[in-house]
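Asker: Okay, so here is protein.csv, and as you'll see once you scroll down, it has CSV, C-alpha atoms and all ligand atoms.
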```
chain,number,residue,atom,x,y,z
Q,18,LEU,CA,0.0,0.0,0.0
Q,19,GLY,CA,1.7,3.1,-1.2
Q,20,GLN,CA,1.5,6.1,-3.4
Q,21,VAL,CA,3.6,8.6,-5.3
Q,22,LEU,CA,2.6,12.0,-3.8
Q,23,ARG,CA,4.5,13.9,-6.5
Q,24,PRO,CA,7.4,13.0,-8.8
Q,25,GLY,CA,10.2,11.5,-6.7
Q,26,MET,CA,8.1,11.5,-3.4
Q,27,VAL,CA,6.8,8.2,-2.3
Q,28,LEU,CA,4.7,7.3,0.7
Q,29,LEU,CA,4.7,3.7,1.8
Q,30,LYS,CA,1.7,3.4,4.2
Q,31,LYS,CA,2.0,1.2,7.3
Q,32,TYR,CA,5.1,-0.3,5.7
Q,33,ILE,CA,6.9,-1.2,9.0
Q,34,ALA,CA,5.3,-4.1,10.8
Q,35,LEU,CA,4.4,-3.5,14.4
Q,36,ARG,CA,6.9,-5.9,15.8
Q,37,GLU,CA,9.6,-4.1,13.8
Q,38,GLN,CA,8.3,-0.7,15.2
Q,39,VAL,CA,8.7,-2.2,18.7
Q,40,LYS,CA,12.3,-3.0,18.0
Q,41,ILE,CA,13.0,0.5,16.6
Q,42,VAL,CA,11.5,2.1,19.7
Q,43,LYS,CA,13.7,-0.2,22.0
Q,44,ILE,CA,16.8,0.5,20.0
Q,45,CYS,CA,16.2,4.3,19.9
Q,46,ARG,CA,15.6,4.4,23.6
Q,47,GLU,CA,18.7,2.4,24.4
Q,48,LEU,CA,20.8,4.6,22.2
Q,49,GLY,CA,19.0,7.8,23.2
Q,50,VAL,CA,20.0,7.6,26.9
Q,51,GLY,CA,23.7,6.9,26.2
Q,52,PRO,CA,26.6,9.0,24.9
Q,53,GLY,CA,25.5,11.0,21.8
Q,54,GLY,CA,21.9,10.5,22.8
Q,55,PHE,CA,18.8,12.7,22.7
Q,56,TYR,CA,19.2,16.5,23.4
Q,57,GLN,CA,17.1,19.5,22.6
Q,58,PRO,CA,18.9,21.5,19.9
Q,59,SER,CA,18.8,25.2,19.3
Q,60,PHE,CA,18.5,27.1,16.0
Q,61,PRO,CA,21.2,29.6,15.0
Q,62,ASP,CA,19.1,32.4,16.5
Q,63,GLY,CA,19.2,30.7,19.9
Q,64,ALA,CA,15.5,29.5,19.9
Q,65,ARG,CA,15.0,26.0,21.1
Q,66,MET,CA,13.8,23.5,18.5
Q,67,ARG,CA,10.5,21.9,19.5
Q,68,LEU,CA,11.9,18.3,19.4
Q,69,GLN,CA,14.6,16.1,20.8
Q,70,MET,CA,17.3,15.0,18.4
Q,71,MET,CA,19.9,12.3,18.2
Q,72,CYS,CA,22.3,11.5,15.3
Q,73,LEU,CA,23.5,8.1,14.4
Q,74,GLY,CA,26.6,7.4,12.3
Q,75,MET,CA,27.7,11.1,12.2
Q,76,ASN,CA,26.6,14.3,13.9
Q,77,TRP,CA,24.7,17.0,12.1
Q,78,ASP,CA,24.6,20.3,14.0
Q,79,PRO,CA,21.5,22.4,13.4
Q,80,ILE,CA,23.5,25.6,14.3
Q,81,THR,CA,26.5,25.2,12.0
Q,82,ARG,CA,24.7,22.8,9.6
Q,83,ALA,CA,28.0,20.8,9.6
Q,84,TYR,CA,28.4,17.1,9.4
Q,85,GLU,CA,31.1,16.0,11.8
Q,86,GLU,CA,32.5,13.0,13.7
Q,87,LYS,CA,31.8,14.4,17.2
Q,88,ARG,CA,29.1,16.5,18.7
Q,89,PRO,CA,30.5,20.0,19.4
Q,90,PHE,CA,28.8,20.6,22.7
Q,91,ASP,CA,29.8,17.5,24.6
Q,92,GLY,CA,32.5,15.8,22.4
Q,93,SER,CA,30.4,12.6,22.2
Q,94,ARG,CA,30.7,10.4,19.1
Q,95,PRO,CA,27.3,9.3,17.7
Q,96,PRO,CA,26.4,5.6,17.9
Q,97,ASP,CA,26.6,3.6,14.7
Q,98,ILE,CA,23.5,3.2,12.5
Q,99,PRO,CA,22.1,-0.3,13.5
Q,100,TYR,CA,22.3,-2.8,10.7
Q,101,SER,CA,18.6,-3.6,11.0
Q,102,PHE,CA,17.9,0.0,10.1
Q,103,ARG,CA,20.1,-0.2,7.0
Q,104,GLN,CA,18.2,-3.3,5.9
Q,105,LEU,CA,14.9,-1.6,6.3
Q,106,VAL,CA,16.0,1.5,4.3
Q,107,GLU,CA,17.3,-0.7,1.5
Q,108,ARG,CA,14.1,-2.7,1.3
Q,109,ALA,CA,11.9,0.5,1.4
Q,110,ILE,CA,13.8,2.1,-1.5
Q,111,GLY,CA,13.5,-1.2,-3.5
Q,112,ASP,CA,9.8,-1.3,-2.9
Q,113,ALA,CA,9.4,2.4,-3.7
Q,114,HIS,CA,10.9,1.7,-7.2
Q,115,GLU,CA,7.9,-0.4,-8.0
Q,116,LEU,CA,5.7,2.7,-7.5
Q,117,VAL,CA,8.1,5.1,-9.2
Q,118,VAL,CA,8.1,2.9,-12.4
Q,119,GLU,CA,4.3,2.9,-12.5
Q,120,ASP,CA,4.3,6.7,-12.1
Q,121,MET,CA,7.1,7.3,-14.7
Q,122,PRO,CA,7.3,4.2,-17.0
Q,123,LEU,CA,9.9,5.7,-19.3
Q,124,LYS,CA,12.4,6.5,-16.5
Q,125,ASN,CA,14.7,4.3,-14.6
Q,126,PRO,CA,13.5,4.3,-11.0
Q,127,ARG,CA,17.1,4.0,-9.9
Q,128,HIS,CA,17.8,7.4,-11.3
Q,129,ILE,CA,14.9,9.0,-9.5
Q,130,LEU,CA,15.6,7.2,-6.2
Q,131,PRO,CA,19.2,6.0,-6.2
Q,132,THR,CA,19.9,3.4,-3.5
Q,133,ILE,CA,21.7,5.1,-0.6
Q,134,SER,CA,24.2,3.8,1.8
Q,135,PRO,CA,23.3,6.2,4.6
Q,136,ASN,CA,26.1,7.6,6.7
Q,137,ILE,CA,23.7,9.6,8.9
Q,138,CYS,CA,20.4,8.9,10.5
Q,139,ILE,CA,18.8,11.9,12.3
Q,140,VAL,CA,16.3,10.7,14.9
Q,141,ASN,CA,13.8,13.3,16.0
Q,142,PHE,CA,11.4,12.8,19.0
Q,143,TYR,CA,8.4,15.0,19.1
Q,144,THR,CA,6.2,15.2,22.2
Q,145,THR,CA,2.6,16.0,21.5
Q,146,SER,CA,3.4,19.7,21.5
Q,147,GLY,CA,6.4,19.2,19.1
Q,148,ARG,CA,6.6,20.8,15.7
Q,149,LEU,CA,9.1,21.7,12.9
Q,150,GLY,CA,8.7,24.7,10.7
Q,151,LEU,CA,8.9,24.5,6.9
Q,152,HIS,CA,12.5,24.1,5.7
Q,153,GLN,CA,14.6,22.5,3.0
Q,154,ASP,CA,17.3,19.9,3.7
Q,155,ARG,CA,20.2,21.2,1.7
Q,156,ASP,CA,23.2,19.9,3.5
Q,157,GLU,CA,23.5,16.6,1.8
Q,158,SER,CA,25.3,15.6,-1.4
Q,159,ARG,CA,23.8,16.2,-4.8
Q,160,ASP,CA,23.9,14.4,-8.1
Q,161,SER,CA,25.1,15.9,-11.4
Q,162,LEU,CA,21.8,17.8,-11.9
Q,163,GLY,CA,22.1,19.4,-8.5
Q,164,ARG,CA,19.6,17.1,-6.8
Q,165,GLY,CA,20.2,15.4,-3.6
Q,166,LEU,CA,20.4,11.7,-3.0
Q,167,PRO,CA,17.0,10.5,-1.6
Q,168,VAL,CA,16.1,10.9,2.0
Q,169,VAL,CA,14.2,8.1,3.7
Q,170,SER,CA,12.0,8.9,6.6
Q,171,LEU,CA,10.4,6.4,9.1
Q,172,SER,CA,7.6,7.4,11.4
Q,173,VAL,CA,6.8,5.6,14.6
Q,174,GLY,CA,4.4,6.5,17.4
Q,175,ASP,CA,1.8,9.2,17.3
Q,176,SER,CA,0.6,10.4,13.9
Q,177,ALA,CA,1.8,13.8,12.6
Q,178,GLU,CA,0.5,16.3,10.1
Q,179,PHE,CA,3.2,16.7,7.6
Q,180,LEU,CA,3.4,19.8,5.3
Q,181,TYR,CA,5.2,20.0,2.0
Q,182,GLY,CA,5.3,22.4,-0.9
Q,183,ASP,CA,7.4,24.3,-3.4
Q,184,THR,CA,7.7,27.5,-1.3
Q,185,ARG,CA,8.2,28.5,2.3
Q,186,ASP,CA,4.5,29.7,2.5
Q,187,VAL,CA,2.5,27.5,4.8
Q,188,ASP,CA,-0.7,28.4,3.1
Q,189,GLU,CA,0.5,27.0,-0.2
Q,190,ALA,CA,1.7,23.7,1.4
Q,191,LYS,CA,-0.1,20.4,1.0
Q,192,THR,CA,-0.8,18.2,4.0
Q,193,VAL,CA,-0.5,14.5,4.6
Q,194,VAL,CA,-0.9,12.6,7.8
Q,195,LEU,CA,2.1,10.4,8.7
Q,196,GLU,CA,1.1,7.4,10.8
Q,197,SER,CA,3.2,4.9,12.8
Q,198,GLY,CA,4.9,2.6,10.4
Q,199,ASP,CA,4.8,4.9,7.4
Q,200,VAL,CA,7.9,5.4,5.3
Q,201,LEU,CA,8.3,8.6,3.2
Q,202,ILE,CA,11.0,8.7,0.5
Q,203,PHE,CA,12.1,12.0,-1.1
Q,204,GLY,CA,14.2,12.0,-4.2
Q,205,GLY,CA,14.4,13.3,-7.8
Q,206,ASN,CA,12.5,16.5,-8.3
Q,207,SER,CA,11.0,16.4,-4.8
Q,208,ARG,CA,14.3,16.3,-2.9
Q,209,MET,CA,14.5,20.1,-2.3
Q,210,ILE,CA,10.9,20.8,-1.4
Q,211,TYR,CA,10.0,22.7,1.7
Q,212,HIS,CA,8.6,20.4,4.4
Q,213,GLY,CA,7.8,20.4,8.1
Q,214,ILE,CA,5.6,19.0,10.9
Q,215,SER,CA,2.7,21.2,11.9
Q,216,SER,CA,1.2,19.1,14.7
Q,217,ILE,CA,1.2,15.7,16.4
Q,218,TYR,CA,-2.0,13.9,17.1
Q,219,ALA,CA,-2.1,12.9,20.8
Q,220,ASN,CA,-3.0,9.3,21.6
Q,221,SER,CA,-2.8,8.1,18.0
Q,222,ALA,CA,0.1,5.7,18.5
Q,223,PRO,CA,-0.5,1.9,18.3
Q,224,LYS,CA,-1.1,0.7,21.9
Q,225,ALA,CA,1.4,-2.2,21.4
Q,226,LEU,CA,4.3,0.4,21.3
Q,227,GLN,CA,3.4,1.4,24.9
Q,228,ASP,CA,2.6,-2.1,26.1
Q,229,GLU,CA,5.6,-3.8,24.6
Q,230,ALA,CA,8.2,-1.1,24.4
Q,231,GLY,CA,7.2,1.4,27.0
Q,232,PHE,CA,6.8,4.0,24.3
Q,233,ARG,CA,5.9,7.4,25.7
Q,234,PRO,CA,3.4,9.7,24.0
Q,235,GLY,CA,4.9,11.4,21.0
Q,236,ARG,CA,6.4,10.6,17.7
Q,237,LEU,CA,9.8,9.3,16.6
Q,238,ASN,CA,11.0,10.2,13.1
Q,239,LEU,CA,14.2,8.6,11.6
Q,240,THR,CA,15.6,10.2,8.5
Q,241,PHE,CA,18.4,8.4,6.7
Q,242,ARG,CA,20.7,10.5,4.5
Q,243,GLN,CA,24.0,10.1,2.5
Q,244,PHE,CA,26.3,13.1,2.1
N,1,LIG,C1,10.2,14.8,10.8
N,1,LIG,N1,12.1,15.7,9.6
N,1,LIG,O1,9.2,14.3,10.7
N,1,LIG,C2,10.6,15.7,9.6
N,1,LIG,C3,10.0,15.4,8.4
N,1,LIG,C4,14.2,16.5,9.0
N,1,LIG,C5,12.8,16.6,8.9
N,1,LIG,O2,12.3,17.4,8.2
N,1,LIG,O3,14.9,17.2,8.3
N,1,LIG,O4,14.7,15.7,9.8
N,1,LIG,S1,10.5,13.8,7.8
N,1,LIG,C6,10.4,14.1,6.0
N,1,LIG,C7,11.6,14.6,5.3
N,1,LIG,C8,12.8,14.4,5.9
N,1,LIG,C9,13.9,14.9,5.3
N,1,LIG,C10,13.9,15.5,4.0
N,1,LIG,C11,12.7,15.7,3.5
N,1,LIG,C12,11.5,15.2,4.1
N,1,LIG,N2,12.7,16.3,2.2
N,1,LIG,O5,13.7,16.5,1.6
N,1,LIG,O6,11.6,16.8,1.8
N,1,LIG,O7,10.9,14.8,11.8
N,2,FE,FE,13.9,18.2,6.9
```
Take the structure in the file and give it back as structure tokens.

Answerer:
Amino acid sequence: LGQVLRPGMVLLKKYIALREQVKIVKICRELGVGPGGFYQPSFPDGARMRLQMMCLGMNWDPITRAYEEKRPFDGSRPPDIPYSFRQLVERAIGDAHELVVEDMPLKNPRHILPTISPNICIVNFYTTSGRLGLHQDRDESRDSLGRGLPVVSLSVGDSAEFLYGDTRDVDEAKTVVLESGDVLIFGGNSRMIYHGISSIYANSAPKALQDEAGFRPGRLNLTFRQF
């Protein structure tokens, strides 16, 4: 069950099985309390971001926008990206190709969504009051046409209202609800779109996440990138 929302932007609905989501929650909590774990970042202007962040593989700093081996404020080295996460990303891109080729039968789906070997995963945790304003992700590598390699986003926990569009204007943005287990892949012409999270729907997470993994209210988002 999936759809191409616009060229190069694929949403795989309820793609991650619940038992897999439980494992993701457990891994993120374990890594999140250790060195390089969750913290609340600030923007360059000093305002606090309305989420908790942890990087895997490498650090990405929201203030300097630099990729680096160590986190500047505490010198910690981010944990590795778990192999099970890599497998999931690889599988999702492969399955997204099936939808891309239906959408654009004359194109090679591998050119729209090249397989990535992610060297960073940014894990964001939003409480029910969390949000993220419209922005572009422009710090990753690009292909010869100036487009980035695809970004793969996994959603776990409470549902979120996701906005995306061609401009920074919220009123022009389209809305889609991201639910627990959804995978969103951005590549091709959609790679540089503006996107953000406008709200989190309280109490919308699968009950099994709380019962089996002790998941707290909120939403986990994992974005895999290669730079
Ligand atoms: C989130 N994360 O749910 C959001 C949206 C981020 C970020 O925006 O930069 O971590 S996940 C969808 C997304 C992620 C990365 C890139 C693009 C969309 N995109 O290029 O459009 O925590
Ligand atoms: Fe982003």

Asker: Can you pull out the residues contacting Met26 of chain Q? Cut-off 9 Å, using all atoms listed in the file, and skip same-chain residues under 4 positions away; I want them as an NGL selection string.

Answerer: :Q and (20-22 or 117 or 201-208)

Asker: How far is it from atom C3 of ligand LIG 1 (chain N) to atom CA of Asp97 of chain Q, in Å with one decimal?

Answerer: 21.3 Å

Asker: Would you work out the distance separating atom CA of Glu115 of chain Q from atom CA of Pro99 of chain Q, expressed in Å to one decimal?

Answerer: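 Interatomic distance, atom CA of Glu115 of chain Q to atom CA of Pro99 of chain Q: 25.8 Å.
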
Asker: Write out as a tab-separated table a residue-level contact list of segment 142-222 of chain Q versus segment 72-89 of chain Q with cut-off 10 Å: for each qualifying residue the closest pair of atoms and the distance in Å to one decimal, counting all atoms listed in the file, rows sorted by chain and residue number upward.

Answerer:
```
residue	atom	partner	partner_atom	distance
Q:Asp154	CA	Q:Arg82	CA	9.9
Q:Arg155	CA	Q:Arg82	CA	9.2
Q:Asp156	CA	Q:Arg82	CA	6.9
Q:Glu157	CA	Q:Tyr84	CA	9.1
```

Asker: Hey, which residues come within 6 Å of ligand LIG 1 (chain N) if we count all atoms listed in the file? Could you give them as a PyMOL selection string?

Answerer: chain Q and resi 141+154+168+170+203+208-210+212-214+238+240

Asker: Just to confirm, what's the straight-line distance from atom CA of Ser215 of chain Q to atom CA of Asp188 of chain Q in Å (one decimal)?

Answerer: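 Here the two named atoms are 11.9 Å from each other.
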
Asker: So which residues touch Leu48 of chain Q within 12 Å, counting only C-alpha atoms, skipping near sequence neighbours fewer than 2 positions away, as a ChimeraX atom specification?

Answerer: /Q:41-46,50-55,70-74,94-99,140

Asker: Can you write out the residues you just picked, keeping C-alpha atoms, as a PDB file, keeping the file's coordinate frame?

Answerer:
```pdb
ATOM      1  CA  ILE Q  41      13.000   0.500  16.600  1.00  0.00           C
ATOM      2  CA  VAL Q  42      11.500   2.100  19.700  1.00  0.00           C
ATOM      3  CA  LYS Q  43      13.700  -0.200  22.000  1.00  0.00           C
ATOM      4  CA  ILE Q  44      16.800   0.500  20.000  1.00  0.00           C
ATOM      5  CA  CYS Q  45      16.200   4.300  19.900  1.00  0.00           C
ATOM      6  CA  ARG Q  46      15.600   4.400  23.600  1.00  0.00           C
ATOM      7  CA  VAL Q  50      20.000   7.600  26.900  1.00  0.00           C
ATOM      8  CA  GLY Q  51      23.700   6.900  26.200  1.00  0.00           C
ATOM      9  CA  PRO Q  52      26.600   9.000  24.900  1.00  0.00           C
ATOM     10  CA  GLY Q  53      25.500  11.000  21.800  1.00  0.00           C
ATOM     11  CA  GLY Q  54      21.900  10.500  22.800  1.00  0.00           C
ATOM     12  CA  PHE Q  55      18.800  12.700  22.700  1.00  0.00           C
ATOM     13  CA  MET Q  70      17.300  15.000  18.400  1.00  0.00           C
ATOM     14  CA  MET Q  71      19.900  12.300  18.200  1.00  0.00           C
ATOM     15  CA  CYS Q  72      22.300  11.500  15.300  1.00  0.00           C
ATOM     16  CA  LEU Q  73      23.500   8.100  14.400  1.00  0.00           C
ATOM     17  CA  GLY Q  74      26.600   7.400  12.300  1.00  0.00           C
ATOM     18  CA  ARG Q  94      30.700  10.400  19.100  1.00  0.00           C
ATOM     19  CA  PRO Q  95      27.300   9.300  17.700  1.00  0.00           C
ATOM     20  CA  PRO Q  96      26.400   5.600  17.900  1.00  0.00           C
ATOM     21  CA  ASP Q  97      26.600   3.600  14.700  1.00  0.00           C
ATOM     22  CA  ILE Q  98      23.500   3.200  12.500  1.00  0.00           C
ATOM     23  CA  PRO Q  99      22.100  -0.300  13.500  1.00  0.00           C
ATOM     24  CA  VAL Q 140      16.300  10.700  14.900  1.00  0.00           C
TER      25      VAL Q 140
END
```

Asker: Have a look at Q:Gly25, Q:Gly63, Q:Gly174, Q:Gly150 and name the one nearest to ligand FE 2 (chain N); count all atoms listed in the file.

Answerer: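 Among Q:Gly25, Q:Gly63, Q:Gly174, Q:Gly150, it is Q:Gly150 that comes nearest to ligand FE 2 (chain N).
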
Asker: So, with only C-alpha atoms as the atoms that count, which of Q:Phe244, Q:Tyr211, Q:Phe142, Q:Phe232 lies closest to Asp183 of chain Q?

Answerer: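 Ranked by minimum distance to Asp183 of chain Q, first place goes to Q:Tyr211.
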
Asker: Between Q:Val39, Q:Leu130, Q:Leu18, Q:Leu180, which residue has the minimum interatomic distance to ligand FE 2 (chain N), considering only C-alpha atoms and all ligand atoms?

Answerer: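 When distances to ligand FE 2 (chain N) are compared using only C-alpha atoms and all ligand atoms, the smallest one comes from Q:Leu180.
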
Asker: Let me make sure I understand: among Q:Leu151, Q:Cys138, Q:Leu195, Q:Ile129, which one has the smallest atom-to-atom distance to ligand FE 2 (chain N) if we use only C-alpha atoms and all ligand atoms?

Answerer: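 Of the candidates, the smallest distance to ligand FE 2 (chain N) is held by Q:Leu151.
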
Asker: Contacts of Arg67 of chain Q at 10 Å or less, counting only C-alpha atoms, minus same-chain residues fewer than 2 places along, as a VMD selection string?

Answerer: chain Q and resid 57 to 59 64 to 65 69 to 70 141 to 144 146 to 150

Asker: Rank nothing, just name the residue among Q:Asn220, Q:Asp175, Q:Arg159, Q:Val169 nearest to ligand FE 2 (chain N), using only C-alpha atoms and all ligand atoms.

Answerer: Q:Val169

Asker: Between Q:Val194, Q:Met121, Q:Ile110, Q:Met66, which residue has the minimum interatomic distance to Ser134 of chain Q, considering only C-alpha atoms?

Answerer: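 Checking each of Q:Val194, Q:Met121, Q:Ile110, Q:Met66 against Ser134 of chain Q, counting only C-alpha atoms, the winner is Q:Ile110.
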